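Here the structure is laid out as structure tokens; the discussion comes afterwards.
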6 protein chains.
Amino acid sequence: MNGIVVQNIARAAPEIIDGLAACGVATVHEAQGRTGLLASYMRPIYPGSRIAGSAVTISAPPGDNWMVHVAIEQLRPGDILVIAPTSPCEDGYFGDLLATSAQARGCRGLIINAGIRDVRDLTEMRFPVWSKAVFAQGTIKASLGSVNVPVVCAGASIEAGDVIVADDDGVCVVKREQAETVLAAAQAREANEGDKRRRLAAGELGLDMYKMREKLAGMGLKYV
Amino acid sequence: MNGIVVQNIARAAPEIIDGLAACGVATVHEAQGRTGLLASYMRPIYPGSRIAGSAVTISAPPGDNWMVHVAIEQLRPGDILVIAPTSPCEDGYFGDLLATSAQARGCRGLIINAGIRDVRDLTEMRFPVWSKAVFAQGTIKASLGSVNVPVVCAGASIEAGDVIVADDDGVCVVKREQAETVLAAAQAREANEGDKRRRLAAGELGLDMYKMREKLAGMGLKYV
Amino acid sequence: MNGIVVQNIARAAPEIIDGLAACGVATVHEAQGRTGLLASYMRPIYPGSRIAGSAVTISAPPGDNWMVHVAIEQLRPGDILVIAPTSPCEDGYFGDLLATSAQARGCRGLIINAGIRDVRDLTEMRFPVWSKAVFAQGTIKASLGSVNVPVVCAGASIEAGDVIVADDDGVCVVKREQAETVLAAAQAREANEGDKRRRLAAGELGLDMYKMREKLAGMGLKYV
Amino acid sequence: MNGIVVQNIARAAPEIIDGLAACGVATVHEAQGRTGLLASYMRPIYPGSRIAGSAVTISAPPGDNWMVHVAIEQLRPGDILVIAPTSPCEDGYFGDLLATSAQARGCRGLIINAGIRDVRDLTEMRFPVWSKAVFAQGTIKASLGSVNVPVVCAGASIEAGDVIVADDDGVCVVKREQAETVLAAAQAREANEGDKRRRLAAGELGLDMYKMREKLAGMGLKYV
Amino acid sequence: MNGIVVQNIARAAPEIIDGLAACGVATVHEAQGRTGLLASYMRPIYPGSRIAGSAVTISAPPGDNWMVHVAIEQLRPGDILVIAPTSPCEDGYFGDLLATSAQARGCRGLIINAGIRDVRDLTEMRFPVWSKAVFAQGTIKASLGSVNVPVVCAGASIEAGDVIVADDDGVCVVKREQAETVLAAAQAREANEGDKRRRLAAGELGLDMYKMREKLAGMGLKYV
Amino acid sequence: MNGIVVQNIARAAPEIIDGLAACGVATVHEAQGRTGLLASYMRPIYPGSRIAGSAVTISAPPGDNWMVHVAIEQLRPGDILVIAPTSPCEDGYFGDLLATSAQARGCRGLIINAGIRDVRDLTEMRFPVWSKAVFAQGTIKASLGSVNVPVVCAGASIEAGDVIVADDDGVCVVKREQAETVLAAAQAREANEGDKRRRLAAGELGLDMYKMREKLAGMGLKYV
């Protein structure tokens, strides 16, 4: 089961992917039934990015970044690299040279349950990364891993071709087959929120807007 | 003891609150005898804010943000929301809609011993938050908590109406009854620091300025 | 072994130190055989700094910052303070007054395996700090420590006069006696990287550039 | 507010305290409305203890155990020491000599949001401790703290004389004034559980015993 | 995708499951290519258990243990309960009453990425548990989850009917379809180890037994 | 600096080493001026061991246990293995086969800033281990490290031949050249403690025995 590169993976349609990016992590997560979030320790190396793309996954040995080179060949424009070590590790698998190579192939960013380095260069290149750590520790190239196999990354199950959405709130994965449905639900949710936002900004209370007062009283809430 | 909303809480005078904001967390903490700090994991979602306000407290069940709606009705201009889950939780209790509502009522910011989401929107709105985590995980509205009861938040004991001071150094609570005394001590401390800063900037050593050399020698410090 | 201040320490040549700063943490760490990194939890208080300097070390009791005053007298222009508590601590040993004093003596920054405060002032002063925590908790001045003795700081062994390199990737220590050799190796590495970066940016794959395909096939990598 | 020793504290009746010990942490916590638990990192140094007693509280500077000597004089038979440092610390405040002294005065155990040492001796003495860490790091005797003042310990608010209950599940605090009421509720809960336990052991399902099936179906649970 | 109970799940043959238990976690993990381990924070509540069984999985809301009652009905003798909250949580989902009920149905133990309570009772009952925390915090019964759906638990992907192996080394999951193959590999590995153990116990060095000396010398290892 | 095996290391005299073991970690740590402790996360895999021995150190790549085989050849009766990965790692470097081999050469135990496995076997063999984690994750044999070079292990600086003392309180290192002096100080301390223990057990207070009352009053301690 190790040492495998899956070459032809299915991807969601570009307009669906871009639609999900526009909705953002919190809305997409809600729209798909509050599932798909990666752990909260996955933080962006700089603020303000909001991306979505198809996952090219890497199952990597701890401290060994050889498979990243293999995976870069599999990247298509609009993809996002997802690196999941097979045991906990914070070594710096990825830096400015790999980012240059990935960006040259149209890669939109990196999700890595480990460390990252050359943060200054990556920030200048506007190559966004969500990682567990910033750590310059070098890696080796000695053992095989696999590319485009299913992985568990920061607590979420991800398959190649799934849609990754990432912004300042963190990272969320959408199953490829559900991406269209989720997008529709997310957009409906967004449309709905505009009106709510205007009413709340005007001073209306959520207690009234959502008609919560009776239910709260029924459960025994007491004002003293 | 659960399911209670205390409606009329005493607050410190606005000019005292604003005075404490101007002094900042480190000075206020020192001025009240090195007490009142919340845990260091409470970090701002964006740098540069410095606020103070009266605490409107929420004791919330883990993963349930219903009481936030209840608490928003209790907000007066200049208040700060303080959310303390009853067991450890990093779910995202609060996002842009609640912030819009709170801001409409004059709320100055949020202190939450849990997660927060919609960080990008909150940053654009300039609604400052100090939280344990950034995490988009949705919450439910199923159980009662209480509003304006005493809570322990990130290691600090907070009562409704206590003054919360928050800036890039973290969060500090000042007991309402002591706010005036603490402000006086903090301002005295600040006045005192201006002169010290000038002398140190001019190259004078703390060893001399504070007359530490003899005491250090007396304790046995050796220069080799 | 406690209560000692070593006054005359050897330092690396300024041009070597500045050369190491220009190379940055990741390159220097690689150039010296992937050694010398401090733990990844040592983070800068604001992004964008890149410094190097000679270590003036402080072995400090937990929660006691008295020795910082003693160490400041030992600072020469171009030095970097390194504070290592003798047991785990996140109290705020250092703030704007000490930074003013250190900066007046030419100190380039602070590395501290504990807490820091007055982050806003330090940011405005452009006095860079890499710390374990931001925490306003005040310290006392009751016990002796030592200055310019060997310390273990965030997992790295550091002697006075060693060269500290710090940037957005973290902190690395270079043994003083090896600084010249490491600089040469780091610069060679950098020269080498420019060409690689251009080729990767043009779309060449690392698999080809580094001639990895045969070796991977030999180890059994399978494309499916 | 520092440097104070409160000498005469009220305590709950011994039979109430012993009754709470017999119920154990989980039952007592439930009986008082799911409140009062200390953080889950507070673990016993050896398994199998189940104690309750009146809290003699210590607010201690980090790394300074002087106040423990002061507090021991305040101990009465049946008391439990509660040590809360004013900033996070894992130094070893307490070992076999202090335990010998405390045990000689009838102290039943120690709750400490910091470190402990001489674990082997304490185990042989059967002096139970719930602590954040086992760490031999020595402390100093240089600064004052306070005894029998209100503290926040591992996330729980504790006043002198409150009843502490501790067993293999952790630590729970019961407000002294509520101890009798909580005991009654806890005992009622226990009586109730015996019958449930027998029915469940006989194979009856909770789904039936608690009549959950209809409610689950009504919420939409689907069997496939 | 929520609120579903899958009733008929496939299970591995009992003799395969028992064979895997006899091999233990470390051997099984190696035999299946070093995959399947749950995170190292999953620790047994008492030492000395070694079990294997078919996973009955629970995807549970944070702080809500309602689905445990639903899952217990699905247990067959030899099964192991696996509880995975949908966001990080250490509340005590499970105690002696639920254990009594599960044990009455032949359940061999519990794997839970959250908290557990009544540790003393569970130890006396010899109902083994591997958990993230021991914490008495009570849970509610307000929201649906699902039973026997795929979950990610402590970093490992688990489907209902997969074989769980657990002992003092932690927890490992074996895909049901691969259980027979893995058992054969594990037993071969064990047979192989007996001879090695005897030779090593007699003083033979691994360097010689595994013929490592030449390879190490070839890579440049130097004896000084 | 990597790929080196230092063969002839100096060791302290056996009677000094055994004397330090008899004193235990807390006493030895105090006797050498409160230095030398490893981090508190280094915990024994089973309670009750108390050992001392000469350190045979291993600087190991993360996830690679090849050097353990090399180091075992360097073991002499009475030695203790010390494994320090060069970046944070919790993989299981060591299990029952390596323990069998080490024990055959007279090794007294293992200190490892990483993971360990086969805990049940090691417990039965009475081969004590202090580790950062229990984790079955397998390691590779692909890269060189070094044996008997200076390492930093769990925050402490350790050289080959230094004396390691370990018991239920954790792990402490004593510099080889200071071992005799430290032993004398530790034994003096122990002799001193017997009398104190008797007086405290008889009910004398530390306040009186150490004559603290005046000093406390002088600092302003108030009894209310």
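In the structure tokens, chains take the letters A, B, ... in the order shown, each chain's residues start at 1, and ligands count up from 1 in the order shown.
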Can you tell me which residues surround Met125 in chain B at a distance of at most 10 Å, considering only C-alpha atoms, apart from same-chain residues fewer than 3 positions away, and format the answer as an mmCIF file with all heavy atoms, in the first residue's frame?
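Saved result, part31.cif, follows:
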data_model
loop_
_atom_site.group_PDB
_atom_site.id
_atom_site.type_symbol
_atom_site.label_atom_id
_atom_site.label_comp_id
_atom_site.auth_asym_id
_atom_site.auth_seq_id
_atom_site.Cartn_x
_atom_site.Cartn_y
_atom_site.Cartn_z
ATOM 1 N N ASP B 96 -19.390 36.623 12.349
ATOM 2 C CA ASP B 96 -19.659 37.995 11.914
ATOM 3 C C ASP B 96 -21.085 38.457 12.205
ATOM 4 O O ASP B 96 -21.298 39.636 12.474
ATOM 5 C CB ASP B 96 -19.312 38.169 10.433
ATOM 6 C CG ASP B 96 -20.342 37.569 9.517
ATOM 7 O OD1 ASP B 96 -20.747 36.414 9.759
ATOM 8 O OD2 ASP B 96 -20.754 38.243 8.562
ATOM 9 N N ALA B 99 -21.190 39.416 15.808
ATOM 10 C CA ALA B 99 -20.376 40.621 15.988
ATOM 11 C C ALA B 99 -21.122 41.849 15.487
ATOM 12 O O ALA B 99 -21.059 42.927 16.097
ATOM 13 C CB ALA B 99 -19.046 40.469 15.256
ATOM 14 N N THR B 100 -21.826 41.699 14.396
ATOM 15 C CA THR B 100 -22.624 42.814 13.869
ATOM 16 C C THR B 100 -23.664 43.246 14.887
ATOM 17 O O THR B 100 -23.859 44.441 15.162
ATOM 18 C CB THR B 100 -23.322 42.385 12.562
ATOM 19 O OG1 THR B 100 -22.328 42.031 11.607
ATOM 20 C CG2 THR B 100 -24.197 43.501 12.002
ATOM 21 N N GLN B 103 -21.893 44.779 17.966
ATOM 22 C CA GLN B 103 -21.348 46.102 17.648
ATOM 23 C C GLN B 103 -22.468 47.140 17.546
ATOM 24 O O GLN B 103 -22.291 48.297 17.937
ATOM 25 C CB GLN B 103 -20.560 46.023 16.339
ATOM 26 C CG GLN B 103 -19.465 47.057 16.223
ATOM 27 C CD GLN B 103 -18.586 46.848 14.999
ATOM 28 O OE1 GLN B 103 -19.085 46.635 13.899
ATOM 29 N NE2 GLN B 103 -17.281 46.903 15.176
ATOM 30 N N VAL B 119 -12.884 35.344 11.002
ATOM 31 C CA VAL B 119 -11.809 36.235 11.426
ATOM 32 C C VAL B 119 -11.588 37.372 10.424
ATOM 33 O O VAL B 119 -11.319 38.518 10.814
ATOM 34 C CB VAL B 119 -10.512 35.419 11.614
ATOM 35 C CG1 VAL B 119 -9.290 36.302 11.605
ATOM 36 C CG2 VAL B 119 -10.595 34.630 12.922
ATOM 37 N N ARG B 120 -11.714 37.050 9.141
ATOM 38 C CA ARG B 120 -11.512 38.079 8.130
ATOM 39 C C ARG B 120 -12.560 39.183 8.249
ATOM 40 O O ARG B 120 -12.239 40.373 8.212
ATOM 41 C CB ARG B 120 -11.600 37.406 6.756
ATOM 42 C CG ARG B 120 -11.390 38.313 5.610
ATOM 43 C CD ARG B 120 -10.862 37.515 4.435
ATOM 44 N NE ARG B 120 -11.565 37.813 3.205
ATOM 45 C CZ ARG B 120 -11.086 37.516 2.001
ATOM 46 N NH1 ARG B 120 -9.926 36.870 1.897
ATOM 47 N NH2 ARG B 120 -11.761 37.810 0.923
ATOM 48 N N ASP B 121 -13.809 38.792 8.425
ATOM 49 C CA ASP B 121 -14.874 39.797 8.575
ATOM 50 C C ASP B 121 -14.690 40.609 9.854
ATOM 51 O O ASP B 121 -14.833 41.827 9.846
ATOM 52 C CB ASP B 121 -16.246 39.098 8.609
ATOM 53 C CG ASP B 121 -16.559 38.388 7.303
ATOM 54 O OD1 ASP B 121 -16.221 38.928 6.231
ATOM 55 O OD2 ASP B 121 -17.118 37.282 7.355
ATOM 56 N N LEU B 122 -14.373 39.924 10.925
ATOM 57 C CA LEU B 122 -14.211 40.633 12.202
ATOM 58 C C LEU B 122 -13.068 41.629 12.126
ATOM 59 O O LEU B 122 -13.123 42.713 12.712
ATOM 60 C CB LEU B 122 -13.974 39.632 13.339
ATOM 61 C CG LEU B 122 -15.101 38.622 13.589
ATOM 62 C CD1 LEU B 122 -14.737 37.696 14.742
ATOM 63 C CD2 LEU B 122 -16.416 39.322 13.883
ATOM 64 N N PRO B 128 -12.579 43.623 17.860
ATOM 65 C CA PRO B 128 -11.467 42.853 18.381
ATOM 66 C C PRO B 128 -11.918 41.673 19.235
ATOM 67 O O PRO B 128 -12.905 41.773 19.968
ATOM 68 C CB PRO B 128 -10.689 43.854 19.217
ATOM 69 C CG PRO B 128 -11.692 44.861 19.638
ATOM 70 C CD PRO B 128 -12.720 44.928 18.540
#
* **Counting only C-alpha atoms, chain C residues within 6 Å of chain B, as a ChimeraX atom specification** => /C:3-6,69,97,100-101,104,117,135-136
Could the residues in this selection be saved with N, CA and C atoms as a PDB file, in the first residue's frame?
ATOM      1  N   GLY C   3      25.333  32.651  40.206  1.00  0.00           N
ATOM      2  CA  GLY C   3      25.762  33.946  40.703  1.00  0.00           C
ATOM      3  C   GLY C   3      27.065  34.422  40.083  1.00  0.00           C
ATOM      4  N   ILE C   4      27.274  34.093  38.811  1.00  0.00           N
ATOM      5  CA  ILE C   4      28.525  34.433  38.135  1.00  0.00           C
ATOM      6  C   ILE C   4      28.235  35.298  36.910  1.00  0.00           C
ATOM      7  N   VAL C   5      29.054  36.310  36.712  1.00  0.00           N
ATOM      8  CA  VAL C   5      28.965  37.126  35.495  1.00  0.00           C
ATOM      9  C   VAL C   5      30.302  37.048  34.770  1.00  0.00           C
ATOM     10  N   VAL C   6      30.290  36.456  33.609  1.00  0.00           N
ATOM     11  CA  VAL C   6      31.509  36.391  32.795  1.00  0.00           C
ATOM     12  C   VAL C   6      31.566  37.658  31.952  1.00  0.00           C
ATOM     13  N   HIS C  69      19.074  43.008  34.207  1.00  0.00           N
ATOM     14  CA  HIS C  69      19.767  44.273  34.447  1.00  0.00           C
ATOM     15  C   HIS C  69      21.289  44.080  34.455  1.00  0.00           C
ATOM     16  N   LEU C  97      10.812  49.061  29.024  1.00  0.00           N
ATOM     17  CA  LEU C  97      11.921  49.752  29.687  1.00  0.00           C
ATOM     18  C   LEU C  97      13.238  49.010  29.475  1.00  0.00           C
ATOM     19  N   THR C 100      14.353  49.465  25.959  1.00  0.00           N
ATOM     20  CA  THR C 100      14.954  50.788  25.748  1.00  0.00           C
ATOM     21  C   THR C 100      16.412  50.784  26.181  1.00  0.00           C
ATOM     22  N   SER C 101      16.645  50.181  27.346  1.00  0.00           N
ATOM     23  CA  SER C 101      18.004  50.126  27.874  1.00  0.00           C
ATOM     24  C   SER C 101      18.909  49.261  26.991  1.00  0.00           C
ATOM     25  N   ALA C 104      19.650  50.977  23.707  1.00  0.00           N
ATOM     26  CA  ALA C 104      20.603  52.076  23.891  1.00  0.00           C
ATOM     27  C   ALA C 104      22.045  51.568  23.873  1.00  0.00           C
ATOM     28  N   ARG C 117       6.411  41.105  27.397  1.00  0.00           N
ATOM     29  CA  ARG C 117       5.250  41.995  27.441  1.00  0.00           C
ATOM     30  C   ARG C 117       5.583  43.338  26.806  1.00  0.00           C
ATOM     31  N   PHE C 135       3.026  37.326  27.575  1.00  0.00           N
ATOM     32  CA  PHE C 135       2.333  37.217  28.858  1.00  0.00           C
ATOM     33  C   PHE C 135       2.822  38.360  29.747  1.00  0.00           C
ATOM     34  N   ALA C 136       1.877  39.130  30.291  1.00  0.00           N
ATOM     35  CA  ALA C 136       2.252  40.332  31.036  1.00  0.00           C
ATOM     36  C   ALA C 136       2.688  40.049  32.472  1.00  0.00           C
TER      37      ALA C 136
END
* Name all residues at most 10 Å from Ala102 in chain F (count only C-alpha atoms; drop same-chain ones fewer than 3 positions away) and give them as a ChimeraX atom specification. => /E:200-201,203,205 /F:68-69,71-77,79-81,96-99,105-110,127
* Could you check how far CA of Trp66 in chain B sits from CA of Gly63 in chain E, in Å to one decimal? =>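 That distance, rounded to one decimal, is 15.2 Å.
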Among range 39-209 of chain D, which ones does DSSP assign to helix (DSSP H, G or I) (computed from the backbone)? Answer as a short mmCIF file (atom, residue, chain, number, x, y, z; two decimals) with N, CA, C and O atoms, in the first residue's frame.
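Printed below is result.cif as written:
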data_model
loop_
_atom_site.label_atom_id
_atom_site.label_comp_id
_atom_site.auth_asym_id
_atom_site.auth_seq_id
_atom_site.Cartn_x
_atom_site.Cartn_y
_atom_site.Cartn_z
N TRP D 66 7.18 29.04 50.26
CA TRP D 66 7.25 29.50 51.64
C TRP D 66 5.90 29.40 52.34
O TRP D 66 5.80 29.02 53.51
N MET D 67 4.85 29.79 51.64
CA MET D 67 3.53 29.84 52.26
C MET D 67 3.02 28.46 52.68
O MET D 67 2.10 28.35 53.49
N VAL D 68 3.61 27.39 52.13
CA VAL D 68 3.16 26.05 52.53
C VAL D 68 3.44 25.85 54.02
O VAL D 68 2.60 25.32 54.75
N HIS D 69 4.59 26.31 54.47
CA HIS D 69 4.90 26.20 55.90
C HIS D 69 3.89 26.98 56.74
O HIS D 69 3.45 26.53 57.79
N VAL D 70 3.53 28.15 56.24
CA VAL D 70 2.55 28.97 56.96
C VAL D 70 1.18 28.27 57.00
O VAL D 70 0.49 28.24 58.03
N ALA D 71 0.82 27.68 55.88
CA ALA D 71 -0.51 27.05 55.79
C ALA D 71 -0.61 25.81 56.67
O ALA D 71 -1.68 25.51 57.20
N ILE D 72 0.48 25.08 56.82
CA ILE D 72 0.42 23.83 57.59
C ILE D 72 -0.03 24.11 59.03
O ILE D 72 -0.76 23.33 59.62
N GLU D 73 0.39 25.27 59.54
CA GLU D 73 -0.05 25.61 60.90
C GLU D 73 -1.56 25.77 60.98
O GLU D 73 -2.16 25.61 62.05
N GLN D 74 -2.18 26.13 59.86
CA GLN D 74 -3.63 26.37 59.85
C GLN D 74 -4.43 25.08 59.65
O GLN D 74 -5.67 25.11 59.70
N ASP D 96 8.38 14.95 50.57
CA ASP D 96 8.06 14.08 51.70
C ASP D 96 8.14 14.79 53.06
O ASP D 96 7.38 14.45 53.97
N LEU D 97 9.01 15.79 53.21
CA LEU D 97 9.08 16.47 54.52
C LEU D 97 7.80 17.25 54.79
O LEU D 97 7.22 17.16 55.88
N LEU D 98 7.35 18.01 53.82
CA LEU D 98 6.11 18.75 54.00
C LEU D 98 4.92 17.81 54.19
O LEU D 98 4.00 18.08 54.97
N ALA D 99 4.95 16.69 53.47
CA ALA D 99 3.86 15.72 53.63
C ALA D 99 3.85 15.13 55.03
O ALA D 99 2.79 14.92 55.63
N THR D 100 5.05 14.88 55.56
CA THR D 100 5.14 14.36 56.93
C THR D 100 4.53 15.34 57.91
O THR D 100 3.75 14.98 58.81
N SER D 101 4.86 16.62 57.72
CA SER D 101 4.35 17.66 58.59
C SER D 101 2.83 17.80 58.46
O SER D 101 2.10 17.88 59.45
N ALA D 102 2.36 17.80 57.22
CA ALA D 102 0.91 17.95 56.99
C ALA D 102 0.16 16.75 57.54
O ALA D 102 -0.89 16.89 58.19
N GLN D 103 0.70 15.57 57.31
CA GLN D 103 0.03 14.36 57.77
C GLN D 103 -0.02 14.32 59.31
O GLN D 103 -1.01 13.86 59.90
N ALA D 104 1.03 14.84 59.93
CA ALA D 104 1.06 14.89 61.39
C ALA D 104 -0.07 15.76 61.95
O ALA D 104 -0.49 15.60 63.09
N VAL D 119 7.62 11.30 44.96
CA VAL D 119 6.41 10.52 44.69
C VAL D 119 6.48 9.14 45.35
O VAL D 119 5.48 8.63 45.86
N ARG D 120 7.65 8.56 45.33
CA ARG D 120 7.80 7.23 45.94
C ARG D 120 7.51 7.27 47.44
O ARG D 120 6.76 6.44 47.96
N ASP D 121 8.06 8.26 48.12
CA ASP D 121 7.82 8.38 49.56
C ASP D 121 6.35 8.68 49.84
O ASP D 121 5.75 8.10 50.74
N LEU D 122 5.78 9.59 49.06
CA LEU D 122 4.37 9.95 49.30
C LEU D 122 3.47 8.74 49.09
O LEU D 122 2.47 8.57 49.80
N THR D 123 3.84 7.91 48.12
CA THR D 123 3.05 6.71 47.87
C THR D 123 3.14 5.75 49.06
O THR D 123 2.13 5.19 49.51
N GLU D 124 4.35 5.58 49.58
CA GLU D 124 4.51 4.70 50.73
C GLU D 124 3.79 5.24 51.98
O GLU D 124 3.24 4.49 52.77
N MET D 125 3.80 6.56 52.11
CA MET D 125 3.11 7.19 53.25
C MET D 125 1.59 7.19 53.07
O MET D 125 0.87 7.54 54.00
N ARG D 176 -19.00 25.33 50.47
CA ARG D 176 -19.30 24.91 51.83
C ARG D 176 -20.77 25.05 52.18
O ARG D 176 -21.38 24.13 52.77
N GLU D 177 -21.38 26.16 51.78
CA GLU D 177 -22.77 26.41 52.17
C GLU D 177 -23.72 25.43 51.47
O GLU D 177 -24.84 25.23 51.91
N GLN D 178 -23.27 24.86 50.36
CA GLN D 178 -24.15 23.96 49.61
C GLN D 178 -23.83 22.49 49.90
O GLN D 178 -24.44 21.60 49.29
N ALA D 179 -22.89 22.24 50.77
CA ALA D 179 -22.40 20.88 50.92
C ALA D 179 -23.50 19.91 51.36
O ALA D 179 -23.61 18.79 50.85
N GLU D 180 -24.33 20.36 52.27
CA GLU D 180 -25.37 19.46 52.76
C GLU D 180 -26.38 19.14 51.66
O GLU D 180 -26.75 17.99 51.45
N THR D 181 -26.80 20.17 50.94
CA THR D 181 -27.74 19.97 49.84
C THR D 181 -27.15 19.07 48.76
O THR D 181 -27.82 18.18 48.22
N VAL D 182 -25.90 19.32 48.45
CA VAL D 182 -25.26 18.51 47.41
C VAL D 182 -25.14 17.06 47.85
O VAL D 182 -25.36 16.13 47.06
N LEU D 183 -24.83 16.86 49.13
CA LEU D 183 -24.72 15.48 49.62
C LEU D 183 -26.05 14.75 49.46
O LEU D 183 -26.09 13.60 48.99
N ALA D 184 -27.13 15.42 49.84
CA ALA D 184 -28.44 14.78 49.71
C ALA D 184 -28.72 14.41 48.26
O ALA D 184 -29.17 13.30 47.94
N ALA D 185 -28.43 15.33 47.35
CA ALA D 185 -28.66 15.07 45.92
C ALA D 185 -27.77 13.94 45.43
O ALA D 185 -28.19 13.10 44.62
N ALA D 186 -26.55 13.90 45.92
CA ALA D 186 -25.62 12.87 45.48
C ALA D 186 -26.06 11.50 45.97
O ALA D 186 -26.01 10.51 45.23
N GLN D 187 -26.51 11.47 47.21
CA GLN D 187 -26.96 10.18 47.76
C GLN D 187 -28.22 9.69 47.06
O GLN D 187 -28.37 8.50 46.78
N ALA D 188 -29.12 10.61 46.75
CA ALA D 188 -30.32 10.24 46.01
C ALA D 188 -29.93 9.67 44.65
O ALA D 188 -30.48 8.66 44.18
N ARG D 189 -28.99 10.30 44.03
CA ARG D 189 -28.50 9.84 42.73
C ARG D 189 -27.92 8.44 42.83
O ARG D 189 -28.15 7.60 41.96
N GLU D 190 -27.18 8.22 43.90
CA GLU D 190 -26.55 6.90 44.07
C GLU D 190 -27.59 5.81 44.26
O GLU D 190 -27.48 4.72 43.70
N ALA D 191 -28.56 6.11 45.11
CA ALA D 191 -29.61 5.13 45.39
C ALA D 191 -30.28 4.73 44.08
O ALA D 191 -30.55 3.56 43.81
N ASN D 192 -30.51 5.75 43.28
CA ASN D 192 -31.17 5.59 42.00
C ASN D 192 -30.34 4.73 41.05
O ASN D 192 -30.88 3.98 40.22
N GLU D 193 -29.03 4.82 41.17
CA GLU D 193 -28.17 4.14 40.21
C GLU D 193 -28.08 2.63 40.44
O GLU D 193 -27.85 1.88 39.51
N GLY D 194 -28.27 2.22 41.70
CA GLY D 194 -28.18 0.79 42.00
C GLY D 194 -29.17 -0.01 41.17
O GLY D 194 -28.83 -1.03 40.56
N ASP D 195 -30.40 0.46 41.14
CA ASP D 195 -31.43 -0.25 40.40
C ASP D 195 -31.12 -0.25 38.90
O ASP D 195 -31.24 -1.27 38.23
N LYS D 196 -30.71 0.91 38.40
CA LYS D 196 -30.35 0.99 36.97
C LYS D 196 -29.24 0.01 36.64
O LYS D 196 -29.26 -0.67 35.61
N ARG D 197 -28.26 -0.05 37.52
CA ARG D 197 -27.11 -0.91 37.26
C ARG D 197 -27.54 -2.38 37.15
O ARG D 197 -27.11 -3.11 36.27
N ARG D 198 -28.41 -2.76 38.05
CA ARG D 198 -28.89 -4.15 38.02
C ARG D 198 -29.64 -4.45 36.72
O ARG D 198 -29.44 -5.48 36.11
N ARG D 199 -30.50 -3.52 36.31
CA ARG D 199 -31.28 -3.76 35.09
C ARG D 199 -30.37 -3.79 33.85
O ARG D 199 -30.53 -4.64 32.97
N LEU D 200 -29.42 -2.89 33.81
CA LEU D 200 -28.51 -2.88 32.65
C LEU D 200 -27.64 -4.14 32.65
O LEU D 200 -27.39 -4.73 31.59
N ALA D 201 -27.21 -4.57 33.83
CA ALA D 201 -26.39 -5.78 33.91
C ALA D 201 -27.17 -7.00 33.44
O ALA D 201 -26.60 -7.96 32.92
N GLY D 206 -30.54 0.81 27.70
CA GLY D 206 -30.83 2.18 28.10
C GLY D 206 -31.92 2.79 27.21
O GLY D 206 -32.74 3.58 27.67
N LEU D 207 -31.93 2.45 25.94
CA LEU D 207 -32.95 2.94 25.02
C LEU D 207 -34.35 2.67 25.55
O LEU D 207 -35.25 3.50 25.41
N ASP D 208 -34.51 1.49 26.17
CA ASP D 208 -35.83 1.13 26.71
C ASP D 208 -36.01 1.68 28.13
O ASP D 208 -37.04 2.26 28.45
N MET D 209 -35.00 1.50 28.94
CA MET D 209 -35.10 1.90 30.34
C MET D 209 -35.39 3.39 30.46
O MET D 209 -36.18 3.83 31.29
#
* Asked: Can you tell me, as a ChimeraX atom specification, what residues are no more than 9 Å from Ala22 in chain D when counting only C-alpha atoms, ignoring any on the same chain fewer than 5 positions away?
  -> /D:17,50-52
How would the residues just picked look written out with C-alpha atoms as a CSV table (one decimal), in the first residue's frame?
chain,number,residue,atom,x,y,z
D,17,ILE,CA,-17.6,15.7,54.2
D,50,ARG,CA,-10.9,8.7,47.4
D,51,ILE,CA,-10.9,11.6,49.8
D,52,ALA,CA,-12.8,14.6,50.9
